[in-house]
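Asker: Dropping the structure in here first, questions after.
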Amino acid sequence: MAGFRQSEFFHNYTRSSSAIIGSGLMALFAFAVLAGPFLVAQNPYDIASLNLMDSYKPPIWLEGGDPRFWLGTDGQGRDVWASVLYGARISVFIGLVAMIASCIIGTVLGLLAGFYGGWLDAVIMRIADVQLSFPSILIALFLMSAVGTGVDKVLIALTAVGWVVYARTVRGSTLSEIEKEYVQAARVAGLPNHKIIRKHVLPNVLTPLIVIATIQVGTFVLIEASLSFLGVGVPITQPSLGLLIKNGFDVLFSGLWWTSVFPGLAIMMLVFGINLFGDFLRDELNPRLK
Amino acid sequence: MAGYILKRLIQMVLVLWVVSVIVFLMMSFTGDPVFMVVPIDASDAEIAQARRLLGLDQSPLMQYWIFISSLVQGDFGQSYVFRQPAMQLILQRMPATVEMVLVAMVLAVIIAIPLGVYAGANPNSRLSRIIMSFSLIGISLPGFWVGMLLIYLFAVHWGIFPSSGRGDTRELFGIRISLLTWDGWHHIVLPAVTLSLGTMAILLRMTRAGMMEVSRQDYMKFARAKGATRGDVLYKHGLKNALIPVVTIFGLQLGDLIAFATITETIFSWPGMGKLLIDSIYRADRPVIVVYLMLVALIFVFINFIVDIVYTLIDPRINLK
Amino acid sequence: MTDTPLLEVQDLRTYFHTFAGTVKAVNGVSFAVRKGEVMGLVGESGGGKSVVGFSILGLIDSPGKIEGGQILLEAEDLAQATEDRLRAVRGREISMVFQDPMTSLNPLHTVGRQMDEVLRLHSDLDAGARHAACVAMLESVGISRAAERLRAYPHQFSGGMRQRVVIAIAMLARPKLIIADEPTTALDVTIQSQILKLMRAQIAGTGAAMILITHDLAVVAEMADHITVLYCGNVVERGRTRDLIEAPSHPYTRGLIDSIPDTTRRLDRLSQIPGSVPDIRNLPQGCNFRDRCPRAQAICAETEPELTQQHASLMAACHFPLRPGDSA
């Protein structure tokens with residue numbers, strides 16, 4: 001730990017306002033996601049705890065606001081603040097899990113493609129190219145429309161869209177690493193392939209992967225929010241921030257803005273924090289700029 | 001050049017074929033469309049007849065063959081909901097989407113490029129930092145949420161712009177275009193602004209990155225050593241070089257706009273093909289979904305092709321192989 | 001007839017203010033170049049040579065800044081000149097040849113357009129006259145089918161040809177002084193001498209002067225009339241080429257000369273100057289070279305030596321300069 005604190009990374013981190021703000025926001029969300037349910041009195045998805053008389057109360061600073069619900073309530077009397085906290089859990093969960101799945105699958109495919117080459121490489125890369133010529137949201141939308149709503153299905157759709165960037169990056173790094181003499185020497189010496197991959201190729205691929213993975217969580221949160229907004233994302237029983245916004249949309253025209261604005265604000269802060277920190281990471285970990 | 005074009009055309013056809021297979025496979029999994037055509041309490045004979053009519057009694061391979069051969073002839077079948085040829089439905093609504101996408105793209109470009117050039121040429125100025133912060137926020141925003149915000153502020157609260165719909169249209173060469181009327185423009189402002197924000201942010205960041213990259217190049221300094229002014233060097237020498245990477249993502253951005261138009265049209269009830277797609281997904285109107293996907297695939301493949309051609313025209317170093 | 005030098009640099013100081021400290025890249029450099037002369041500016045990479053060249057043309061960008069000194073072009077101080085005046089000077093009275101011909105030319109403009117730019121900026125010639133001048137210039141640097149080649153792009157030329165184009169651009173407006181910053185370093189050895197010969201022919205033809213910046217003593221030995229040796233931002237020795245090469249007085253210069261492989265003698269090892277260049281942000285007190293100098297004594301760590309007259313035409317900054325006949 002002491003070594004880390006003296007490292008250049010830490011030095012630059014403390015001097016970069018975007019790094020500090022970005023990671024601060026991320027930490028805030030991590031805390032909210034983990035501690036959320038304990039921070040609010042009401043579980044917005046426990047029907048028994050809801051009171052219809054509390055519905056559509058505005059935020060506390062407006063006329064008619066209720067001190068129990070500082071951000072107001074929705075049509076069923078759900079505390080918006082509690083809904084946002086619970087919703088954030090789902091949004092973040094989906095973003096993280098999908099990122100991990102994409103990363104693993106994409107990295108494996110990229111390693112295989114780069115290492116073994118041949119038709120395996122050709123097939124994987126062709127699929128990747130075709131996929132990349134279409135916008136991810138459309139592919140995800142199409143997949144979801146075919147398989148139906150549900151958190152697990154959203155995860156599958158996001159992974160199907162997200163693996164490509166890892167595969168390409170890893171393949172590129174693998175190709176450049178195996179050309180290097182020390183890898184060829186290891187192969188000649190009879191070192192098994194998986195050891196070569198683990199010891200030589202993977203460490204070099206790690207830094208770009210970290211940057212991609214970080215930013216991808218934010219990207220996934222946004223895609224999932226869009227899918228849910230269109231009604232082909234998460235089910236009503238597990239509303240992510242995107243679904244909350246959708247529910248708020250219906251009453252927006254009556255002037256009831258708080259049910260949709262606050263969940264959106266939450267998404268924005270989360271993704272903004274991720275992008276800020278991701279930018280810092282990208283500049284820090286880029287060997288070319290050194 | 002001709003050989004290259006031919007090669008690309010073949011590639012395009014291959015990609016479209018793969019897409020058709022995937023679309024077909026996916027559509028086969030989405031439940032039984034029989035009950036779109038006959039009521040739930042139909043007799044067995046009626047169901048069997050409907051099945052035959054829809055070709056559902058054939059083997060999957062045969063079904064695919066029927067699918068692909070009618071596709072090639074432009075026959076996508078009838079919409080279950082509207083009882084009209086699906087292709088016709090989509091084409092009717094295409095102008096609305098094209099309008100919105102075009103306005104959004106133009107808006108994004110005329111704001112993003114100049115700001116990006118400035119931010120790239122003066123990366124440490126206060127204004128640049130502000131610009132970059134806004135662009136970062138721009139790519140962190142859920143587009144539909146911004147649309148809702150704009151509706152609330154400008155339509156509900158202040159009543160300056162309409163919150164939905166397309167506005168009056170006038171016909172040109174048989175196509176209804178709303179941009180030819182003031183009312184049309186009045187209606188397109190909010191949706192186009194909403195749609196443009198994401199692309200604007202990305203184009204801005206790419207332009208800035210390109211300018212910064214270019215500013216470091218030797219030929220910029222060499223041009224100054226010849227006695228050229230800072231402005232000359234920036235715009236005559238730097239800009240074209242900096243815009244090359246921007247051109248490459250331009251095509252992708254156009255594709256993204258078409259994709260995000262589905263959401264924007266839904267929020268603003270804009271009668272384009274995006275809204276039609278979403279509605280069709282809700283109503284399981286298979287033929288329409290299929291048309292949309294194939295058409296959009298064709299558009300994307302074509303856009304990528306055009307972008308590649310443009311790219312080779314701009315950069316004399318590219319050798320067409 | 002007064003013999004005022006064409007260019008006189010006096011006590012030039014160019015510093016770079018970075019986060020990690022102030023880099024005094026040029027720290028009190030003085031020299032003079034007369035009409036028609038070739039001066040070699042020699043030193044190790046990173047020693048500030050290129051910075052001198054850019055400072056003369058006012059092309060130092062932040063975080064760098066000319067902190068002091070005078071740059072007298074025929075008695076006009078360029079260090080005080082306005083940007084407008086500098087722009088008139090650049091390419092016209094003083095032009096520059098960069099090191100890497102692969103990157104000095106804009107890949108998206110034709111060669112002709114880049115040559116034409118110089119004339120458009122600095123002359124009143126019309127398009128036809130400019131075109132003719134470019135064709136003539138291109139031919140004079142040894143590129144055949146010049147009119148055709150003007151329409152070509154830089155990537156269609158080889159490295160050596162590209163450098164010829166760069167030289168052509170530098171000569172187009174008939175400058176009085178050419179600053180050549182490592183003009184042959186990026187080229188094949190076989191091409192190097194061709195390019196050097198070309199440059200010599202060009203300046204002989206026009207009577208221009210040249211500052212030849214390089215780390216390669218062998219190049220300046222051949223080309224230069226007199227040499228200025230730079231170390232860590234200071235002039236450590238200067239004088240007429242023959243005097244300097246045959247009997248240098250500064251140990252650093254001696255080290256540089258000795259490290260040129262001599263094909264006439266049998267050697268077991270190549271001679272090297274021991275140690276490495278000190279960190280410019282943290283220069284040692286006293287003489288910058290003392291840690292690597294075989295002749296260093298206690299005083300060298302305390303006081304910085306001044307440039308003083310030595311034998312023949314040489315000036316050196318050393319407490320224990322070499323005399324003719326000394327072995328290192």
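Following the order of the structure tokens, chains are lettered A, B, ..., residues in each are numbered from 1, and ligands are numbered from 1.
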Hey, what's within 6 Å of range 149-162 of chain A if we count only C-alpha atoms and toss same-chain stuff fewer than 6 positions away? As a list in words, please?
Answerer: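 In the requested format, the answer is Ala98, Ser102, Ser136, Ala140, Val232, Gly233, Val234 and Pro235 of chain A.
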Asker: Give me, as CSV, the closest atom pair and its distance (Å, one decimal) for every residue of chain B within a cut-off of 12 Å of chain C, counting only C-alpha atoms, rows sorted by chain and rising number.
Answerer:
residue,atom,partner,partner_atom,distance
B:Asn122,CA,C:Ser62,CA,11.8
B:Asn124,CA,C:Ser62,CA,11.1
B:Val214,CA,C:Asn106,CA,10.4
B:Ser215,CA,C:Asp61,CA,11.5
B:Arg216,CA,C:Thr103,CA,10.7
B:Gln217,CA,C:Thr103,CA,7.1
B:Asp218,CA,C:Ser104,CA,5.1
B:Tyr219,CA,C:Ser104,CA,4.2
B:Met220,CA,C:Asn106,CA,7.8
B:Lys221,CA,C:Leu59,CA,7.8
B:Phe222,CA,C:Ser104,CA,5.9
B:Ala223,CA,C:Ser104,CA,8.4
B:Arg224,CA,C:Arg90,CA,7.7
B:Ala225,CA,C:Arg90,CA,5.5
B:Lys226,CA,C:Gly91,CA,4.1
B:Gly227,CA,C:Arg87,CA,4.5
B:Ala228,CA,C:Arg87,CA,6.7
B:Thr229,CA,C:Arg87,CA,7.1
B:Arg230,CA,C:Arg87,CA,9.8
B:Asp232,CA,C:Glu117,CA,10.6
B:Val233,CA,C:Asn106,CA,10.6
B:Lys236,CA,C:His109,CA,9.5
B:His237,CA,C:Asn106,CA,6.9
B:Gly238,CA,C:Asn106,CA,8.7
B:Leu239,CA,C:Leu108,CA,10.6
B:Lys240,CA,C:Leu108,CA,7.7
B:Asn241,CA,C:Leu108,CA,7.1
B:Ala242,CA,C:Leu108,CA,10.9
B:Leu243,CA,C:Leu108,CA,11.6
B:Ile244,CA,C:Leu108,CA,10.5
B:Thr312,CA,C:Leu108,CA,11.7
B:Leu313,CA,C:Leu108,CA,10.8
B:Ile314,CA,C:Leu108,CA,8.0
B:Asp315,CA,C:Leu108,CA,6.4
B:Pro316,CA,C:Leu108,CA,6.6
B:Arg317,CA,C:His155,CA,6.8
B:Ile318,CA,C:His155,CA,10.3
B:Asn319,CA,C:His155,CA,11.3
Asker: Could you tell me which residues of chain B sit within 7 Å of chain A when counting only C-alpha atoms, and give me the result as a list of chain:residue names?
Answerer: B:Val15, B:Met26, B:Met27, B:Phe29, B:Thr30, B:Leu136, B:Ile137, B:Ser140, B:Leu141, B:Pro142, B:Trp145, B:Tyr152, B:Val156, B:Gly255, B:Asp256, B:Ala259, B:Ile281, B:Phe300
Asker: Determine, counting only C-alpha atoms, which protein, DNA and RNA residues have an atom within 10 Å of an atom of Ser271 in chain C; residues of the same chain fewer than 5 positions away are not included. Present the result as a list of chain:residue names.
Answerer: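 So the residues in contact are C:Gly255, C:Leu256, C:Ile257, C:Asp258, C:Ser259, C:Ile260, C:Pro261.
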Asker: Counting only C-alpha atoms, what is within 9 Å of Gly68 in chain C, bar same-chain residues fewer than 5 positions away, as a PyMOL selection string?
Answerer: chain C and resi 11-14+28+79
Asker: Run DSSP on the backbone of this structure and report the residues of range 167-196 of chain B it assigns to helix (DSSP H, G or I), as a list in words.
Answerer: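 Residues meeting the helix (DSSP H, G or I) criterion: Ser178, Leu179, Leu180, Trp182, Asp183, Gly184, Trp185, His186, His187, Ile188, Val189, Leu190, Pro191, Ala192, Val193, Thr194, Leu195 and Ser196 of chain B.
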Asker: Separation of CA of Ile178 in chain C and CA of Val111 in chain C, in Å?
Answerer: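 That distance, rounded to one decimal, is 20.2 Å.
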Asker: So which one's closest to chain C, A:Asn193, A:Ala266, A:Asn12, A:Ala113? Using only C-alpha atoms, please.
Answerer: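 Once distances to chain C are computed over only C-alpha atoms, the minimum belongs to A:Asn12.
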Asker: Name the residues in contact with Gly251 in chain B at a cut-off of 8 Å, using only C-alpha atoms, excluding same-chain residues fewer than 6 positions from it; report them as JSON, numbers by chain.
Answerer: {"B": [303, 304, 307]}
Asker: Store the residues picked out above, limited to N, CA and C atoms, as a CSV table (one decimal), in the first residue's frame.
Answerer:
chain,number,residue,atom,x,y,z
B,303,ILE,N,-24.3,3.2,-45.8
B,303,ILE,CA,-23.6,4.4,-45.1
B,303,ILE,C,-22.1,4.0,-44.9
B,304,ASN,N,-21.9,2.9,-44.4
B,304,ASN,CA,-20.5,2.5,-44.2
B,304,ASN,C,-19.7,2.5,-45.5
B,307,VAL,N,-19.0,6.1,-46.6
B,307,VAL,CA,-18.0,6.6,-45.7
B,307,VAL,C,-16.6,6.2,-46.2
Asker: According to DSSP computed on the backbone, where in range 72-305 of chain C is there strand (DSSP E)? Give the residues as a VMD selection string.
Answerer: chain C and resid 72 to 73 76 to 77 94 to 97 177 to 181 209 to 214 226 to 231 234 to 240
Asker: Include N, CA and C atoms and write out the residues we just selected as an mmCIF file, in the first residue's frame.
Answerer:
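Below you can see out-v1.cif, which holds the result:
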data_model
loop_
_atom_site.group_PDB
_atom_site.id
_atom_site.type_symbol
_atom_site.label_atom_id
_atom_site.label_comp_id
_atom_site.auth_asym_id
_atom_site.auth_seq_id
_atom_site.Cartn_x
_atom_site.Cartn_y
_atom_site.Cartn_z
ATOM 1 N N LEU C 72 20.472 39.237 -32.996
ATOM 2 C CA LEU C 72 20.608 40.361 -33.911
ATOM 3 C C LEU C 72 20.757 39.913 -35.351
ATOM 4 N N LEU C 73 19.751 40.149 -36.127
ATOM 5 C CA LEU C 73 19.812 39.871 -37.560
ATOM 6 C C LEU C 73 20.156 41.193 -38.235
ATOM 7 N N GLU C 76 19.140 44.024 -36.178
ATOM 8 C CA GLU C 76 17.764 44.080 -35.673
ATOM 9 C C GLU C 76 17.554 42.959 -34.672
ATOM 10 N N ASP C 77 17.027 43.277 -33.485
ATOM 11 C CA ASP C 77 16.899 42.268 -32.447
ATOM 12 C C ASP C 77 15.591 41.488 -32.633
ATOM 13 N N ILE C 94 15.285 34.167 -43.014
ATOM 14 C CA ILE C 94 15.855 32.987 -42.363
ATOM 15 C C ILE C 94 14.896 31.822 -42.603
ATOM 16 N N SER C 95 15.397 30.745 -43.144
ATOM 17 C CA SER C 95 14.504 29.591 -43.309
ATOM 18 C C SER C 95 15.095 28.390 -42.588
ATOM 19 N N MET C 96 14.285 27.349 -42.480
ATOM 20 C CA MET C 96 14.695 26.223 -41.659
ATOM 21 C C MET C 96 14.477 24.899 -42.371
ATOM 22 N N VAL C 97 15.401 23.998 -42.179
ATOM 23 C CA VAL C 97 15.237 22.630 -42.683
ATOM 24 C C VAL C 97 15.112 21.721 -41.463
ATOM 25 N N LEU C 177 19.935 33.268 -44.471
ATOM 26 C CA LEU C 177 20.437 32.288 -43.507
ATOM 27 C C LEU C 177 19.523 31.074 -43.498
ATOM 28 N N ILE C 178 20.171 29.913 -43.513
ATOM 29 C CA ILE C 178 19.383 28.688 -43.394
ATOM 30 C C ILE C 178 19.779 27.980 -42.114
ATOM 31 N N ILE C 179 18.780 27.624 -41.319
ATOM 32 C CA ILE C 179 19.054 26.841 -40.121
ATOM 33 C C ILE C 179 18.690 25.401 -40.455
ATOM 34 N N ALA C 180 19.697 24.542 -40.496
ATOM 35 C CA ALA C 180 19.432 23.140 -40.835
ATOM 36 C C ALA C 180 19.540 22.317 -39.560
ATOM 37 N N ASP C 181 18.385 21.823 -39.090
ATOM 38 C CA ASP C 181 18.354 21.094 -37.825
ATOM 39 C C ASP C 181 18.465 19.606 -38.090
ATOM 40 N N ALA C 209 24.157 32.059 -45.732
ATOM 41 C CA ALA C 209 24.883 31.481 -44.609
ATOM 42 C C ALA C 209 24.065 30.309 -44.076
ATOM 43 N N MET C 210 24.707 29.450 -43.287
ATOM 44 C CA MET C 210 23.963 28.320 -42.740
ATOM 45 C C MET C 210 24.401 28.002 -41.318
ATOM 46 N N ILE C 211 23.457 27.677 -40.493
ATOM 47 C CA ILE C 211 23.758 27.110 -39.183
ATOM 48 C C ILE C 211 23.401 25.638 -39.287
ATOM 49 N N LEU C 212 24.398 24.795 -39.186
ATOM 50 C CA LEU C 212 24.168 23.356 -39.332
ATOM 51 C C LEU C 212 24.173 22.737 -37.953
ATOM 52 N N ILE C 213 22.972 22.336 -37.515
ATOM 53 C CA ILE C 213 22.828 21.776 -36.178
ATOM 54 C C ILE C 213 22.927 20.269 -36.274
ATOM 55 N N THR C 214 23.824 19.676 -35.498
ATOM 56 C CA THR C 214 23.956 18.231 -35.568
ATOM 57 C C THR C 214 24.681 17.696 -34.362
ATOM 58 N N HIS C 226 33.173 27.271 -39.269
ATOM 59 C CA HIS C 226 33.542 27.282 -37.862
ATOM 60 C C HIS C 226 32.472 26.557 -37.051
ATOM 61 N N ILE C 227 32.851 26.163 -35.849
ATOM 62 C CA ILE C 227 32.011 25.274 -35.047
ATOM 63 C C ILE C 227 31.780 25.847 -33.663
ATOM 64 N N THR C 228 30.550 25.689 -33.183
ATOM 65 C CA THR C 228 30.234 26.042 -31.798
ATOM 66 C C THR C 228 29.791 24.770 -31.103
ATOM 67 N N VAL C 229 30.424 24.449 -29.994
ATOM 68 C CA VAL C 229 30.079 23.221 -29.282
ATOM 69 C C VAL C 229 29.240 23.552 -28.060
ATOM 70 N N LEU C 230 28.091 22.884 -27.973
ATOM 71 C CA LEU C 230 27.156 23.151 -26.886
ATOM 72 C C LEU C 230 27.146 21.972 -25.915
ATOM 73 N N TYR C 231 27.079 22.268 -24.635
ATOM 74 C CA TYR C 231 26.887 21.205 -23.654
ATOM 75 C C TYR C 231 25.950 21.704 -22.576
ATOM 76 N N ASN C 234 25.116 25.395 -22.595
ATOM 77 C CA ASN C 234 26.186 26.394 -22.620
ATOM 78 C C ASN C 234 27.154 26.138 -23.765
ATOM 79 N N VAL C 235 27.764 27.225 -24.238
ATOM 80 C CA VAL C 235 28.834 27.053 -25.218
ATOM 81 C C VAL C 235 30.091 26.663 -24.459
ATOM 82 N N VAL C 236 30.664 25.521 -24.791
ATOM 83 C CA VAL C 236 31.900 25.122 -24.106
ATOM 84 C C VAL C 236 33.128 25.392 -24.957
ATOM 85 N N GLU C 237 32.932 25.464 -26.273
ATOM 86 C CA GLU C 237 34.082 25.787 -27.121
ATOM 87 C C GLU C 237 33.583 26.293 -28.461
ATOM 88 N N ARG C 238 34.358 27.172 -29.069
ATOM 89 C CA ARG C 238 34.066 27.519 -30.454
ATOM 90 C C ARG C 238 35.326 27.996 -31.158
ATOM 91 N N GLY C 239 35.279 27.859 -32.483
ATOM 92 C CA GLY C 239 36.463 28.290 -33.246
ATOM 93 C C GLY C 239 36.397 27.770 -34.669
ATOM 94 N N ARG C 240 37.440 28.049 -35.439
ATOM 95 C CA ARG C 240 37.466 27.604 -36.814
ATOM 96 C C ARG C 240 37.560 26.082 -36.860
#
Asker: Could you list, as a list in words, every residue within 9 Å of Pro44 in chain A, counting only C-alpha atoms and ignoring same-chain residues fewer than 5 positions away?
Answerer: Ser49, Leu50, Gly77, Arg78, Asp79, Val80, Ala82, Ser83 and Tyr86 of chain A
